Amino acid sequence: MTEVLIKGGRIVTAVDDYDADILIRDGCIDTIAREITSETAILHDAAGLLVMPGGVDVHTHMEFDLGMAQTCDTYETGTRSAAFGGTTTIIDFALQKKGESPKQALDRRLALAEPQACVDYSFHIILTDVTPETLSELPDLINQDGISSFKMFMAYPGVLMVSDAEIFRSMRTVGSQGGMVTVHAENGEVIQVLIEEALAQGNTSPKYHALTRPRIMEAEATHRAIRLAELAEVPVYMVHLSAKEALDSIVEARDRGIPAFAETCPHYLFLTIEEYDRPGFEAAKYVMTPPLREHECQHALWRGLRFDDLQVVSTDHCPFCFNENPYGINRSKQLGRDNFEQIPNGAPGVELRIPLLFDGGVHGNKITLNRFVQLTATAPAKMFGLFPRKGTIAVGSDADLVLFDPTQVHTLSASTHHSNVDYSLYEGRSVTGKVKKVFLRGQLIVDGDQWLGSTGAGRFQKRSASGRVL
Ligand code: URP
Ligand code: ZN
Ligand code: ZN
Ligand code: ZN
């Protein structure tokens with residue numbers, strides 16, 4: 001039996017904040033007490049450090065094929081990068097190809113991730129082909145395979161987008177089994193008209209990515225998704241919410257008691273549309289969907305995080321290299337040099353969620369320390385059926401722990417991150433608060449700058465379909 005003792009730390013969960021020791025046995029939290037002594041346990045001194053639950057990032061795209069290009073992090077490099085950022089569980093995506101069953105999509109992804117994952121993982125299944133056969137597989141996926149959430153796209157026509165009818169049918173089936181539907185909410189068809197108009201006028205630079213994806217088309221789709229979910233009687237979760245007007249729709253629904261939820265991502269909290277004014281092709285680094293928004297949206301999002309109109313912060317880690325890279329130009333942002341529509345959509349950030357949100361949120365006095373843990377670990381774990389195994393520090397929970405120095409100042413840079421991607425959205429930004437040690441089920445996997453984890457040690461997590469709604 002392996003025993004690990006973490007001594008002298010300040011334990012912070014979504015609700016607690018106290019000094020205590022933690023004894024870990026066989027990967028789980030065995031005892032929490034003011035003073036624990038052990039002759040046999042491996043000792044870690046946590047004096048001066050916060051001890052927090054390992055982060056849960058419910059929106060990442062490792063080895064993700066977006067049609068035009070594939071993201072540059074493998075399950076190995078992406079999950080290692082996550083670990084260095086204090087995240088010990090990710091929920092990634094299994095994309096159903098046309099003609100494929102959702103179960104086949106899941107099996108493909110499991111086979112890819114299993115030998116590589118460095119932290120624990122699960123998948124949301126992206127439904128792109130909603131046939132009667134597809135629908136008939138969903139109950140078993142939810143009740144036996146531990147996949148309790150599904151994603152659909154209202155954007156990317158011809159690639160990922162599904163119709164309202166397909167969304168509604170899927171919602172009814174998922175809802176009947178107690179599952180969750182997540183939605184990329186933007187009006188894809190209208191956005192396509194705007195893109196074609198911009199290109200016809202010779203407006204090809206990255207900035208037009210933002211100008212052709214207006215906030216009110218995110219709001220329109222958000223409202224539509226909520227109303228479809230309301231009729232279908234299923235909880236609905238909006239991914240990467242960016243626009244103030246979309247948040248207004250969430251607030252309106254929640255005020256009526258509808259189980260509507262949303263996440264936002266660090267880039268919407270820390271960056272604005274002004275990034276697209278960068279010279280040359282630099283702005284392409286910031287081409288993600290939805291695009292960065294105006295300053296007033298940031299204020300609305302922070303307010304939403306404080307008042308629980310927004311429940312989760314995830315990364316939407318979707319890294320495409322900026323330069324031609326070892327994988328070849330077909331995977332880089334350079335694809336869109338002459339046409340913004342060809343720039344692979346997505347930005348990196350799986351390693352920066354916890355440092356950024358601590359610095360801007362807690363250190364910056366926008367959210368409390370407890371709320372920070374709630375947003376980055378507890379709420380995502382509850383929302384997607386991983387709690388209480390993940391997302392908190394409690395007797396019996398997995399010993400996924402982050403030892404965090406709340407005072408250490410450091411500089412974010414592509415030269416020090418662990419992702420394969422060749423740039424950082426936050427190059428040169430100084431932040432206060434640093435991940436010092438990370439434990440995955442009791443194993444020390446990150447110690448300062450040292451990687452101690454192992455490839456393939458991450459485990460697939462079956463998720464439950466009940467008890468998630470906050
Ligand atoms: O730009 C983004 N977000 N790319 C990833 C795919 C998606 O829409 O989440
Ligand atoms: Zn999306
Ligand atoms: Zn301001
Ligand atoms: Zn995404």
# chains A, B, ... in the order shown; residues from 1 in each chain; ligands from 1

call {"tool": "residues_near_ligand", "arguments": {"ligand": "ligand 3", "cutoff": "12 Å", "atoms": "only C-alpha atoms and all ligand atoms", "output": "JSON, numbers by chain"}}
result
{"A": [269, 270, 271, 272, 294, 295, 296, 297, 298, 299, 300, 301, 302, 303, 366]}

call {"tool": "residues_near_ligand", "arguments": {"ligand": "ligand 1", "cutoff": "10 Å", "atoms": "only C-alpha atoms and all ligand atoms", "output": "NGL selection string"}}
result
:A and (59-61 or 64-66 or 71 or 93 or 151 or 153-156 or 160 or 183-186 or 239-240 or 265 or 286-291 or 315-320 or 343-348)

call {"tool": "write_last_selection", "arguments": {"atoms": "C-alpha atoms", "output": "PDB file, in the first residue's frame"}}
result
ATOM      1  CA  HIS A  59     -13.330  21.497 -23.094  1.00  0.00           C
ATOM      2  CA  THR A  60     -10.122  20.471 -24.894  1.00  0.00           C
ATOM      3  CA  HIS A  61      -9.294  19.391 -28.435  1.00  0.00           C
ATOM      4  CA  PHE A  64      -8.594  17.097 -33.164  1.00  0.00           C
ATOM      5  CA  ASP A  65      -9.317  17.147 -36.861  1.00  0.00           C
ATOM      6  CA  LEU A  66     -11.215  20.330 -37.659  1.00  0.00           C
ATOM      7  CA  THR A  71      -4.466  20.387 -33.619  1.00  0.00           C
ATOM      8  CA  PHE A  93     -14.172  15.115 -27.729  1.00  0.00           C
ATOM      9  CA  LYS A 151     -22.139  18.114 -28.122  1.00  0.00           C
ATOM     10  CA  PHE A 153     -22.717  22.512 -33.395  1.00  0.00           C
ATOM     11  CA  MET A 154     -25.016  25.273 -34.633  1.00  0.00           C
ATOM     12  CA  ALA A 155     -21.970  26.653 -36.502  1.00  0.00           C
ATOM     13  CA  TYR A 156     -19.540  25.430 -39.191  1.00  0.00           C
ATOM     14  CA  LEU A 160     -19.976  20.064 -38.105  1.00  0.00           C
ATOM     15  CA  VAL A 183     -23.967  23.336 -27.734  1.00  0.00           C
ATOM     16  CA  HIS A 184     -21.653  25.504 -29.805  1.00  0.00           C
ATOM     17  CA  ALA A 185     -24.137  28.328 -30.240  1.00  0.00           C
ATOM     18  CA  GLU A 186     -23.630  30.611 -33.232  1.00  0.00           C
ATOM     19  CA  VAL A 239     -19.625  26.031 -24.539  1.00  0.00           C
ATOM     20  CA  HIS A 240     -17.199  28.957 -24.832  1.00  0.00           C
ATOM     21  CA  CYS A 265     -12.751  30.638 -21.387  1.00  0.00           C
ATOM     22  CA  TYR A 286      -6.127  35.036 -31.947  1.00  0.00           C
ATOM     23  CA  VAL A 287      -8.482  33.465 -34.480  1.00  0.00           C
ATOM     24  CA  MET A 288     -10.699  31.270 -32.374  1.00  0.00           C
ATOM     25  CA  THR A 289     -14.457  30.790 -32.392  1.00  0.00           C
ATOM     26  CA  PRO A 290     -16.304  32.710 -31.084  1.00  0.00           C
ATOM     27  CA  PRO A 291     -13.844  35.556 -31.649  1.00  0.00           C
ATOM     28  CA  THR A 315     -10.013  26.401 -21.988  1.00  0.00           C
ATOM     29  CA  ASP A 316     -11.288  25.232 -25.391  1.00  0.00           C
ATOM     30  CA  HIS A 317      -7.619  24.310 -25.864  1.00  0.00           C
ATOM     31  CA  CYS A 318      -7.453  23.936 -29.646  1.00  0.00           C
ATOM     32  CA  PRO A 319      -3.827  24.541 -30.583  1.00  0.00           C
ATOM     33  CA  PHE A 320      -2.754  25.164 -34.161  1.00  0.00           C
ATOM     34  CA  ILE A 343      -7.223  30.029 -40.745  1.00  0.00           C
ATOM     35  CA  PRO A 344      -7.728  26.995 -38.500  1.00  0.00           C
ATOM     36  CA  ASN A 345     -10.024  28.174 -35.698  1.00  0.00           C
ATOM     37  CA  GLY A 346      -8.720  27.669 -32.222  1.00  0.00           C
ATOM     38  CA  ALA A 347      -6.236  28.809 -29.609  1.00  0.00           C
ATOM     39  CA  PRO A 348      -4.048  27.093 -27.025  1.00  0.00           C
TER      40      PRO A 348
END

call {"tool": "select_by_dssp", "arguments": {"residues": "range 146-203 of chain A", "states": "helix (DSSP H, G or I)", "output": "list in words"}}
result
Asp164, Ala165, Glu166, Ile167, Phe168, Arg169, Ser170, Met171, Arg172, Thr173, Val174, Gly175, Ser176, Gly188, Glu189, Val190, Ile191, Gln192, Val193, Leu194, Ile195, Glu196, Glu197, Ala198, Leu199 and Ala200 of chain A

call {"tool": "write_last_selection", "arguments": {"atoms": "C-alpha atoms", "output": "JSON list (two decimals), in the first residue's frame"}}
result
[["chain", "number", "residue", "atom", "x", "y", "z"],
["A", 164, "ASP", "CA", -32.47, 22.28, -35.34],
["A", 165, "ALA", "CA", -34.44, 19.08, -35.96],
["A", 166, "GLU", "CA", -31.34, 16.96, -35.33],
["A", 167, "ILE", "CA", -30.52, 18.96, -32.22],
["A", 168, "PHE", "CA", -34.06, 18.62, -30.93],
["A", 169, "ARG", "CA", -34.23, 14.87, -31.54],
["A", 170, "SER", "CA", -30.90, 14.30, -29.82],
["A", 171, "MET", "CA", -31.92, 16.51, -26.93],
["A", 172, "ARG", "CA", -35.09, 14.50, -26.33],
["A", 173, "THR", "CA", -33.21, 11.21, -26.27],
["A", 174, "VAL", "CA", -30.36, 12.48, -24.07],
["A", 175, "GLY", "CA", -32.85, 14.18, -21.74],
["A", 176, "SER", "CA", -34.88, 11.00, -21.32],
["A", 188, "GLY", "CA", -23.72, 29.25, -38.79],
["A", 189, "GLU", "CA", -25.80, 30.02, -41.86],
["A", 190, "VAL", "CA", -25.99, 33.76, -41.30],
["A", 191, "ILE", "CA", -22.30, 33.89, -40.43],
["A", 192, "GLN", "CA", -21.59, 32.13, -43.75],
["A", 193, "VAL", "CA", -23.40, 34.94, -45.60],
["A", 194, "LEU", "CA", -21.28, 37.53, -43.82],
["A", 195, "ILE", "CA", -18.06, 35.61, -44.58],
["A", 196, "GLU", "CA", -18.92, 35.38, -48.28],
["A", 197, "GLU", "CA", -19.73, 39.11, -48.42],
["A", 198, "ALA", "CA", -16.48, 40.03, -46.69],
["A", 199, "LEU", "CA", -14.39, 37.88, -49.02],
["A", 200, "ALA", "CA", -16.23, 39.23, -52.10]]

call {"tool": "atom_distance", "arguments": {"atom1": "CA of Val119 in chain A", "atom2": "CA of Ile36 in chain A"}}
result
27.9 Å

call {"tool": "atom_distance", "arguments": {"atom1": "CA of Ala253 in chain A", "atom2": "CA of Ser466 in chain A"}}
result
21.2 Å
